[in-house]
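Undergrad: One file is attached below, model_8.cif, containing mmCIF, C-alpha atoms.
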data_coords
#
loop_
_atom_site.label_atom_id
_atom_site.label_comp_id
_atom_site.auth_asym_id
_atom_site.auth_seq_id
_atom_site.Cartn_x
_atom_site.Cartn_y
_atom_site.Cartn_z
CA MET P 18 -36.22 -6.58 20.57
CA LYS P 19 -38.06 -8.11 17.66
CA LYS P 20 -40.94 -9.13 19.90
CA ILE P 21 -41.25 -5.62 21.31
CA LYS P 22 -41.31 -4.19 17.80
CA LEU P 23 -43.99 -6.62 16.70
CA LEU P 24 -46.01 -5.80 19.79
CA LEU P 25 -45.71 -2.06 19.11
CA GLY P 26 -46.73 -2.68 15.50
CA PHE P 27 -49.87 -4.48 16.57
CA GLY P 28 -50.55 -1.81 19.17
CA TYR P 29 -50.33 0.82 16.45
CA LEU P 30 -52.64 -1.14 14.16
CA GLY P 31 -55.13 -1.71 16.97
CA PHE P 32 -55.06 1.97 17.91
CA VAL P 33 -55.75 3.02 14.34
CA ILE P 34 -58.60 0.56 13.85
CA LEU P 35 -60.13 1.54 17.18
CA SER P 36 -59.84 5.21 16.24
CA PHE P 37 -61.98 4.59 13.21
CA ILE P 38 -64.55 2.62 15.19
CA VAL P 39 -65.00 5.21 17.93
CA GLY P 40 -64.28 8.19 15.68
CA PHE P 41 -61.11 9.39 17.45
CA GLU P 42 -59.84 12.09 15.14
CA PRO P 43 -56.10 12.14 15.97
CA GLY P 44 -55.93 8.40 15.30
CA GLN P 45 -57.61 8.85 11.96
CA LYS P 46 -55.22 11.64 11.03
CA ILE P 47 -52.26 9.45 11.92
CA ALA P 48 -53.65 6.67 9.71
CA GLY P 49 -54.11 9.20 6.92
CA ASN P 50 -50.47 10.28 7.24
CA PHE P 51 -49.36 6.66 7.15
CA ILE P 52 -51.32 5.94 4.00
CA SER P 53 -50.36 9.08 2.10
CA PHE P 54 -46.66 8.58 2.84
CA SER P 55 -46.86 4.88 1.96
CA ILE P 56 -48.39 5.76 -1.40
CA GLN P 57 -45.68 8.30 -2.10
CA MET P 58 -42.99 5.76 -1.39
CA LEU P 59 -44.65 2.98 -3.31
CA LYS P 60 -44.65 5.27 -6.32
CA ILE P 61 -40.87 5.38 -6.24
CA LEU P 62 -39.43 2.36 -4.43
CA PRO P 63 -40.32 -0.46 -6.87
CA CYS P 64 -38.69 1.41 -9.76
CA ALA P 65 -35.69 2.27 -7.61
CA PHE P 66 -35.14 -1.35 -6.61
CA ILE P 67 -35.63 -2.63 -10.18
CA LEU P 68 -32.99 -0.16 -11.39
CA ILE P 69 -30.72 -1.28 -8.55
CA GLY P 70 -31.22 -4.90 -9.67
CA LEU P 71 -30.33 -4.05 -13.26
CA PHE P 72 -27.29 -2.13 -12.03
CA GLU P 73 -26.17 -5.19 -10.05
CA VAL P 74 -26.31 -7.57 -13.03
CA TRP P 75 -25.10 -5.30 -15.83
CA VAL P 76 -22.49 -2.96 -14.39
CA LYS P 77 -19.09 -4.59 -13.96
CA LYS P 78 -17.26 -4.30 -10.69
CA GLU P 79 -14.15 -3.08 -12.51
CA THR P 80 -16.10 -0.19 -14.02
CA VAL P 81 -17.31 1.04 -10.64
CA GLU P 82 -13.89 0.49 -9.08
CA LYS P 83 -12.22 2.48 -11.80
CA HIS P 84 -14.56 5.48 -11.70
CA LEU P 85 -15.68 5.52 -8.07
CA GLY P 86 -13.06 3.38 -6.35
CA ALA P 87 -9.99 4.17 -4.30
CA GLU P 88 -7.97 5.33 -7.32
CA SER P 89 -10.66 7.59 -8.73
CA GLY P 90 -9.64 10.66 -6.73
CA ILE P 91 -11.71 13.81 -7.08
CA ARG P 92 -13.27 12.49 -10.30
CA GLY P 93 -15.07 9.86 -8.26
CA TYR P 94 -16.66 12.59 -6.17
CA ILE P 95 -17.77 14.50 -9.23
CA TRP P 96 -19.35 11.37 -10.72
CA SER P 97 -21.13 10.57 -7.49
CA ILE P 98 -22.59 14.07 -7.26
CA LEU P 99 -23.78 13.92 -10.87
CA LEU P 100 -25.32 10.53 -10.18
CA ALA P 101 -27.00 12.00 -7.09
CA GLY P 102 -28.39 14.85 -9.18
CA THR P 103 -30.50 12.38 -11.11
CA THR P 104 -31.65 10.37 -8.08
CA VAL P 105 -35.33 10.52 -7.26
CA GLY P 106 -36.98 10.38 -3.87
CA GLY P 107 -34.29 11.42 -1.46
CA LEU P 108 -32.38 9.84 1.38
CA TYR P 109 -34.40 6.66 1.68
CA VAL P 110 -33.68 5.77 -1.96
CA ALA P 111 -30.01 6.71 -1.62
CA PHE P 112 -29.25 4.08 1.05
CA PRO P 113 -30.02 0.96 -1.02
CA VAL P 114 -28.12 2.52 -3.93
CA ALA P 115 -25.22 3.18 -1.57
CA TYR P 116 -25.15 -0.49 -0.63
CA SER P 117 -24.97 -1.49 -4.30
CA LEU P 118 -22.15 0.98 -4.94
CA PHE P 119 -20.30 -0.39 -1.93
CA ARG P 120 -20.61 -3.98 -3.19
CA LYS P 121 -19.28 -2.94 -6.56
CA GLY P 122 -16.17 -1.43 -5.05
CA ALA P 123 -16.85 2.30 -4.75
CA GLN P 124 -14.85 3.97 -1.99
CA LEU P 125 -16.66 5.03 1.16
CA GLY P 126 -16.01 8.76 0.82
CA VAL P 127 -17.57 8.77 -2.63
CA ILE P 128 -20.55 6.83 -1.30
CA PHE P 129 -21.14 9.29 1.55
CA ALA P 130 -20.89 12.17 -0.89
CA TYR P 131 -23.49 10.42 -3.02
CA ILE P 132 -25.85 10.02 -0.05
CA SER P 133 -25.60 13.66 1.04
CA ALA P 134 -25.78 15.02 -2.49
CA SER P 135 -28.83 12.94 -3.29
CA ALA P 136 -30.48 14.60 -0.32
CA ILE P 137 -29.90 18.18 -1.38
CA CYS P 138 -28.54 18.33 -4.94
CA ARG P 139 -31.23 16.56 -6.92
CA ILE P 140 -31.74 18.54 -10.10
CA PRO P 141 -35.55 18.48 -10.37
CA MET P 142 -35.84 19.35 -6.69
CA THR P 143 -33.40 22.24 -7.01
CA ILE P 144 -35.36 23.70 -9.91
CA PHE P 145 -38.52 23.44 -7.87
CA GLU P 146 -36.82 25.07 -4.91
CA ALA P 147 -35.52 27.93 -7.04
CA SER P 148 -39.01 28.62 -8.34
CA PHE P 149 -40.24 29.25 -4.80
CA LEU P 150 -37.20 30.73 -3.07
CA GLY P 151 -35.31 32.25 -5.98
CA LEU P 152 -32.27 31.20 -7.98
CA LYS P 153 -29.90 33.08 -5.69
CA PHE P 154 -31.03 31.01 -2.72
CA SER P 155 -30.45 27.72 -4.57
CA ILE P 156 -27.08 28.74 -5.95
CA ILE P 157 -25.81 29.81 -2.52
CA ARG P 158 -27.00 26.53 -1.06
CA LEU P 159 -25.32 24.45 -3.77
CA LEU P 160 -22.05 26.37 -3.76
CA VAL P 161 -21.71 26.31 0.01
CA SER P 162 -22.95 22.79 0.67
CA LEU P 163 -21.13 20.88 -2.08
CA PRO P 164 -17.55 21.60 -0.93
CA LEU P 165 -18.56 20.86 2.66
CA ILE P 166 -20.20 17.62 1.59
CA ILE P 167 -17.11 16.55 -0.32
CA VAL P 168 -14.71 17.39 2.52
CA GLY P 169 -16.97 15.87 5.18
CA SER P 170 -17.49 12.69 3.17
CA MET P 171 -13.78 12.36 2.46
CA LEU P 172 -12.87 12.64 6.15
CA LEU P 173 -15.59 10.25 7.27
CA GLY P 174 -14.90 7.84 4.40
CA ASN P 175 -11.14 7.74 4.96
CA HIS P 176 -11.59 7.27 8.68
CA LEU P 177 -14.00 4.35 8.19
CA GLU P 178 -11.92 2.86 5.38
CA ARG P 179 -9.09 2.39 7.88
CA LYS P 180 -11.48 0.62 10.22
CA ARG P 181 -12.63 -1.74 7.46
CA TYR P 182 -16.20 -0.56 7.90
CA GLN P 183 -18.88 -2.30 5.81
CA ILE P 184 -22.23 -1.09 4.56
CA SER P 185 -24.69 -3.89 5.28
CA GLU P 186 -27.48 -5.36 3.24
CA GLY P 187 -30.28 -3.56 4.99
CA ALA P 188 -31.57 -6.00 7.56
CA GLY P 189 -33.37 -3.95 10.16
CA MET X 9 -42.50 11.03 -11.92
CA ILE X 10 -43.74 9.67 -15.23
CA TYR X 11 -40.14 9.81 -16.55
CA LEU X 12 -39.08 7.44 -13.82
CA TYR X 13 -41.61 4.88 -15.00
CA ILE X 14 -40.68 5.32 -18.65
CA ALA X 15 -36.97 5.05 -17.87
CA THR X 16 -37.46 1.96 -15.71
CA ALA X 17 -39.70 0.26 -18.27
CA ALA X 18 -37.25 1.06 -21.08
CA ALA X 19 -34.31 -0.24 -19.05
CA VAL X 20 -36.11 -3.49 -18.25
CA LEU X 21 -37.15 -3.93 -21.88
CA VAL X 22 -33.68 -3.34 -23.30
CA SER X 23 -32.17 -5.60 -20.66
CA PHE X 24 -34.73 -8.30 -21.46
CA LEU X 25 -33.97 -8.14 -25.16
CA VAL X 26 -30.25 -8.51 -24.51
CA SER X 27 -30.47 -11.21 -21.89
CA ARG X 28 -33.61 -12.76 -20.53
CA GLU X 29 -31.67 -14.62 -17.89
CA LYS X 30 -29.84 -11.59 -16.51
CA THR X 31 -33.03 -9.56 -16.42
CA LEU X 32 -34.82 -12.18 -14.37
CA LYS X 33 -31.85 -12.27 -12.05
CA ALA X 34 -32.04 -8.48 -11.70
CA LEU X 35 -35.72 -8.64 -10.84
CA ARG X 36 -35.04 -11.32 -8.26
CA ILE X 37 -32.36 -9.15 -6.67
CA ALA X 38 -34.76 -6.19 -6.69
CA TYR X 39 -37.46 -8.21 -4.99
CA LYS X 40 -35.15 -9.72 -2.38
CA ARG X 41 -33.60 -6.40 -1.43
CA PHE X 42 -36.98 -4.70 -1.23
CA VAL X 43 -38.48 -7.37 1.02
CA LYS X 44 -35.44 -7.29 3.26
CA ILE X 45 -35.66 -3.57 3.97
CA LEU X 46 -39.46 -3.47 4.15
CA PRO X 47 -39.69 -3.84 7.96
CA ALA X 48 -37.41 -0.83 8.42
CA PHE X 49 -39.56 1.16 6.00
CA LEU X 50 -42.69 0.21 7.91
CA THR X 51 -41.13 1.36 11.18
CA MET X 52 -40.21 4.62 9.50
CA LEU X 53 -43.75 5.10 8.15
CA VAL X 54 -45.23 4.55 11.60
CA LEU X 55 -42.87 7.16 13.05
CA VAL X 56 -43.61 9.58 10.22
CA SER X 57 -47.36 9.25 10.65
CA ILE X 58 -47.15 10.03 14.36
CA VAL X 59 -44.62 12.86 14.20
CA LEU X 60 -46.42 14.62 11.35
CA PHE X 61 -49.54 14.54 13.46
CA LEU X 62 -47.71 16.05 16.44
CA VAL X 63 -45.85 18.62 14.30
CA PRO X 64 -48.27 19.72 11.59
CA GLU X 65 -47.49 22.32 8.95
CA GLU X 66 -49.37 25.07 10.80
CA LEU X 67 -47.18 24.54 13.84
CA ILE X 68 -44.04 24.73 11.70
CA SER X 69 -45.28 27.99 10.14
CA THR X 70 -45.94 29.54 13.53
CA TYR X 71 -42.59 28.55 15.00
CA LEU X 72 -40.54 29.65 12.00
CA GLY X 73 -42.34 32.96 11.79
CA SER X 74 -41.71 34.08 15.34
CA ASN X 75 -38.65 35.05 17.38
CA ASN X 76 -35.43 36.53 16.16
CA ARG X 77 -33.53 35.14 13.19
CA TYR X 78 -30.83 33.27 15.04
CA VAL X 79 -33.32 31.50 17.24
CA GLY X 80 -35.34 30.93 14.07
CA VAL X 81 -32.38 29.23 12.41
CA LEU X 82 -32.01 26.85 15.34
CA ILE X 83 -35.72 26.12 15.51
CA GLY X 84 -35.83 25.69 11.74
CA ALA X 85 -32.91 23.27 11.82
CA LEU X 86 -34.50 21.26 14.62
CA LEU X 87 -37.92 21.12 12.98
CA GLY X 88 -36.33 20.23 9.64
CA SER X 89 -34.41 17.41 11.29
CA ILE X 90 -37.32 15.78 13.08
CA THR X 91 -39.87 16.06 10.29
CA LEU X 92 -40.07 14.61 6.82
CA MET X 93 -41.79 16.24 3.88
CA PRO X 94 -41.58 15.74 0.16
CA GLY X 95 -40.22 18.71 -1.77
CA PHE X 96 -43.53 19.44 -3.45
CA ILE X 97 -45.01 20.27 -0.05
CA ALA X 98 -41.95 21.75 1.64
CA TYR X 99 -40.95 24.37 -0.96
CA PRO X 100 -44.39 25.87 -1.50
CA LEU X 101 -44.60 26.13 2.30
CA CYS X 102 -41.23 27.92 2.33
CA GLY X 103 -42.49 30.19 -0.44
CA ILE X 104 -45.50 31.19 1.65
CA LEU X 105 -43.34 31.78 4.72
CA LEU X 106 -40.96 33.92 2.68
CA LYS X 107 -43.84 36.15 1.62
CA LYS X 108 -44.85 36.41 5.27
CA GLY X 109 -41.41 37.85 5.99
CA VAL X 110 -39.54 34.84 7.38
CA ALA X 111 -35.80 35.27 6.80
CA TYR X 112 -34.01 33.35 4.04
CA MET X 113 -31.55 31.93 6.53
CA VAL X 114 -34.35 30.41 8.59
CA LEU X 115 -35.89 28.81 5.51
CA SER X 116 -32.47 27.59 4.46
CA ALA X 117 -31.87 25.91 7.83
CA PHE X 118 -35.31 24.33 7.69
CA SER X 119 -35.25 23.08 4.09
CA THR X 120 -31.64 21.85 4.19
CA THR X 121 -32.06 19.83 7.37
CA LEU X 122 -35.40 18.58 6.07
CA MET X 123 -33.63 16.97 3.14
CA MET X 124 -30.30 16.02 4.70
CA VAL X 125 -30.92 15.14 8.32
CA GLY X 126 -33.21 12.21 8.87
CA VAL X 127 -34.37 11.46 12.39
CA LEU X 128 -37.42 9.71 11.00
CA THR X 129 -35.46 7.80 8.35
CA TYR X 130 -33.22 6.48 11.14
CA PRO X 131 -34.67 2.92 11.00
CA VAL X 132 -33.87 2.65 7.28
CA GLU X 133 -30.48 4.35 7.51
CA LYS X 134 -29.42 2.24 10.49
CA ALA X 135 -30.24 -0.95 8.57
CA TYR X 136 -27.65 -0.02 5.94
CA LEU X 137 -25.06 2.10 7.71
CA GLY X 138 -25.30 0.90 11.30
CA ALA X 139 -26.29 3.04 14.30
CA LYS X 140 -22.95 4.74 14.90
CA VAL X 141 -22.26 5.88 11.35
CA THR X 142 -25.90 6.96 11.00
CA LEU X 143 -25.48 9.26 13.99
CA ILE X 144 -22.20 10.67 12.70
CA ARG X 145 -23.58 11.26 9.21
CA ASN X 146 -26.62 13.08 10.56
CA LEU X 147 -24.53 15.17 12.90
CA ILE X 148 -22.22 16.24 10.06
CA SER X 149 -25.25 17.02 7.90
CA PHE X 150 -26.77 19.13 10.67
CA LEU X 151 -23.58 21.16 10.97
CA ILE X 152 -23.36 21.60 7.20
CA ALA X 153 -26.96 22.84 7.18
CA LEU X 154 -26.14 25.43 9.85
CA VAL X 155 -23.16 26.70 7.86
CA VAL X 156 -25.31 26.89 4.73
CA ALA X 157 -27.97 28.81 6.66
CA LEU X 158 -25.43 31.32 7.97
CA ALA X 159 -23.91 31.75 4.52
CA THR X 160 -27.40 32.33 3.13
CA GLY X 161 -28.02 34.96 5.78
CA LEU X 162 -24.72 36.62 4.94
CA PHE X 163 -25.45 36.81 1.20
CA PHE X 164 -28.97 38.08 1.73
CA GLY X 165 -27.78 40.73 4.17
CA GLU X 166 -29.57 39.20 7.13
CA VAL X 167 -26.48 38.69 9.24
CA PHE X 168 -24.64 41.70 10.54
CA LEU X 169 -21.03 41.12 11.41
#
Using structure tokens, write down the structure that the file contains.

TA:
Amino acid sequence: MKKIKLLLGFGYLGFVILSFIVGFEPGQKIAGNFISFSIQMLKILPCAFILIGLFEVWVKKETVEKHLGAESGIRGYIWSILLAGTTVGGLYVAFPVAYSLFRKGAQLGVIFAYISASAICRIPMTIFEASFLGLKFSIIRLLVSLPLIIVGSMLLGNHLERKRYQISEGAG
Amino acid sequence: MIYLYIATAAAVLVSFLVSREKTLKALRIAYKRFVKILPAFLTMLVLVSIVLFLVPEELISTYLGSNNRYVGVLIGALLGSITLMPGFIAYPLCGILLKKGVAYMVLSAFSTTLMMVGVLTYPVEKAYLGAKVTLIRNLISFLIALVVALATGLFFGEVFL
């Protein structure tokens, strides 16, 4: 599997380089997409991982367990949604954060709520959305999606908690 | 974006002043975690670059603008699921489509799945959550997006019961 992936990677690279040599426009566009998305992510990811590192060394396990753990109840969900509101980037930043929360003893339901909420309840993003689609649109979206996110995450989290499911370290 | 840099720099500085040792440990953790997930991110970037070429913005505009609303919601949800766009591109696009007369519920289905359902982020998500849970999470998110779209249609008077 790893070999196939490596081969595909080299194939991709070769295709892109060749596209520039012979002037194949689709290949050049694909390379452009790759670069512009890489830049966008590189603007965010280093900061995100540094903050994750600081979180790992400074925040005590007991603190996370108390506020986001099994005993936290609905408060845990509220905290996780507020935390998600301040997340930058979107889903791909939420996953490494989710792993850190898991290691520190947050319960799975709260973690899934965090992941979903960081996708659609980020505060700066919501303000931006409202400026293009109207406040009513954003409020409907928040009010309808949040309860569903909480219920969905609770069900999924509780189910997986019984199966002793683990979030892994991110080895692809 | 600049706030992110300021906040990160401030956090590192304060942490460094309190404990040099812990801060270095934090940076080591950051580096190790980042390197570990990097292959998955690269896979994702390759997928993104190809899919965005095959499904460009113009195509999305055309598909969302046509057909009836209910078909539009489904198409919007599918397009939102398989593509990936940062908010600063997606919402202006939605704004333009809205002015062109595309229904709110269609834009809701598109923008919500765009943010919540990640076919292209699958390599990264799978690395953390595993394949099975990744599929379940995305499926739940897709259903939530559909409910949100219908509710949006209801409140904007686009759905007639």

Undergrad: Write down, as a ChimeraX atom specification, each residue of chain P that has any atom within 8 Å of an atom of chain X, counting all atoms listed in the file.

TA: /P:29,43,46-51,54-55,63-64,66-75,107-109,112-113,116,133,136-137,142,145-146,149-150,154,157-158,161-162,165-166,169,183-189

Undergrad: Record the distance separating atom CA of Gln124 of chain P and atom CA of Val81 of chain P, expressed in Å with one decimal.

TA: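 Pair atom CA of Gln124 of chain P / atom CA of Val81 of chain P returns 9.5 Å.
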
Undergrad: Grab the atom CA of Glu79 of chain P to atom CA of Arg120 of chain P distance for me, in Å with one decimal place.

TA: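 Those two atoms sit 11.4 Å apart.
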
Undergrad: As a check of understanding, name the residues that the PyMOL selection byres ((chain P and resi 174) around 9) selects in the supplied structure, as a ChimeraX atom specification.

TA: /P:124-129,169-173,175-179

Undergrad: Find the residues around Ser89 of chain P up to 12 Å (all atoms listed in the file counted), leave out those fewer than 3 positions away in its own chain, and share them as a list in words.

TA: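 Here the qualifying residues turn out to be Glu79, Thr80, Val81, Glu82, Lys83, His84, Leu85, Gly86, Arg92, Gly93, Tyr94, Ile95, Trp96, Ser97, Gly122, Ala123, Gln124, Leu125, Gly126 and Val127 of chain P.
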
Undergrad: Could you work out how far atom CA of Leu147 of chain X lies from atom CA of Ser89 of chain X, giving the answer in Å with one decimal?

TA: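 Atom CA of Ser89 of chain X sits 10.3 Å away from atom CA of Leu147 of chain X.
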
Undergrad: Got a minute to add N, CA, C and O atoms to segment 133-146 of chain P and dump it as an mmCIF file, in the frame of the given file?

TA:
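See rebuild21.cif below for the written result:
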data_model
loop_
_atom_site.group_PDB
_atom_site.id
_atom_site.type_symbol
_atom_site.label_atom_id
_atom_site.label_comp_id
_atom_site.auth_asym_id
_atom_site.auth_seq_id
_atom_site.Cartn_x
_atom_site.Cartn_y
_atom_site.Cartn_z
ATOM 1 N N SER P 133 -25.275 12.276 0.682
ATOM 2 C CA SER P 133 -25.600 13.660 1.040
ATOM 3 C C SER P 133 -26.080 14.449 -0.171
ATOM 4 O O SER P 133 -27.047 15.208 -0.085
ATOM 5 N N ALA P 134 -25.403 14.258 -1.299
ATOM 6 C CA ALA P 134 -25.780 15.020 -2.490
ATOM 7 C C ALA P 134 -27.159 14.610 -2.977
ATOM 8 O O ALA P 134 -27.918 15.439 -3.473
ATOM 9 N N SER P 135 -27.502 13.339 -2.817
ATOM 10 C CA SER P 135 -28.830 12.940 -3.290
ATOM 11 C C SER P 135 -29.913 13.502 -2.374
ATOM 12 O O SER P 135 -31.080 13.541 -2.729
ATOM 13 N N ALA P 136 -29.519 13.936 -1.178
ATOM 14 C CA ALA P 136 -30.480 14.600 -0.320
ATOM 15 C C ALA P 136 -30.731 16.028 -0.782
ATOM 16 O O ALA P 136 -31.873 16.476 -0.833
ATOM 17 N N ILE P 137 -29.681 16.753 -1.136
ATOM 18 C CA ILE P 137 -29.900 18.180 -1.380
ATOM 19 C C ILE P 137 -29.483 18.683 -2.765
ATOM 20 O O ILE P 137 -29.636 19.856 -3.048
ATOM 21 N N CYS P 138 -28.964 17.830 -3.619
ATOM 22 C CA CYS P 138 -28.540 18.330 -4.940
ATOM 23 C C CYS P 138 -29.293 17.690 -6.090
ATOM 24 O O CYS P 138 -28.816 17.695 -7.219
ATOM 25 N N ARG P 139 -30.463 17.138 -5.825
ATOM 26 C CA ARG P 139 -31.230 16.560 -6.920
ATOM 27 C C ARG P 139 -31.681 17.670 -7.864
ATOM 28 O O ARG P 139 -32.175 18.703 -7.407
ATOM 29 N N ILE P 140 -31.488 17.460 -9.142
ATOM 30 C CA ILE P 140 -31.740 18.540 -10.100
ATOM 31 C C ILE P 140 -33.213 18.966 -10.154
ATOM 32 O O ILE P 140 -33.499 20.157 -10.030
ATOM 33 N N PRO P 141 -34.153 18.027 -10.312
ATOM 34 C CA PRO P 141 -35.550 18.480 -10.370
ATOM 35 C C PRO P 141 -35.972 19.216 -9.101
ATOM 36 O O PRO P 141 -36.652 20.238 -9.160
ATOM 37 N N MET P 142 -35.497 18.727 -7.958
ATOM 38 C CA MET P 142 -35.840 19.350 -6.690
ATOM 39 C C MET P 142 -35.280 20.761 -6.598
ATOM 40 O O MET P 142 -35.942 21.690 -6.133
ATOM 41 N N THR P 143 -34.042 20.924 -7.076
ATOM 42 C CA THR P 143 -33.400 22.240 -7.010
ATOM 43 C C THR P 143 -34.137 23.252 -7.880
ATOM 44 O O THR P 143 -34.306 24.416 -7.496
ATOM 45 N N ILE P 144 -34.592 22.796 -9.037
ATOM 46 C CA ILE P 144 -35.360 23.700 -9.910
ATOM 47 C C ILE P 144 -36.645 24.130 -9.221
ATOM 48 O O ILE P 144 -37.018 25.307 -9.225
ATOM 49 N N PHE P 145 -37.284 23.167 -8.604
ATOM 50 C CA PHE P 145 -38.520 23.440 -7.870
ATOM 51 C C PHE P 145 -38.262 24.436 -6.736
ATOM 52 O O PHE P 145 -38.997 25.405 -6.546
ATOM 53 N N GLU P 146 -37.200 24.190 -6.014
ATOM 54 C CA GLU P 146 -36.820 25.070 -4.910
ATOM 55 C C GLU P 146 -36.585 26.493 -5.403
ATOM 56 O O GLU P 146 -37.094 27.455 -4.825
#
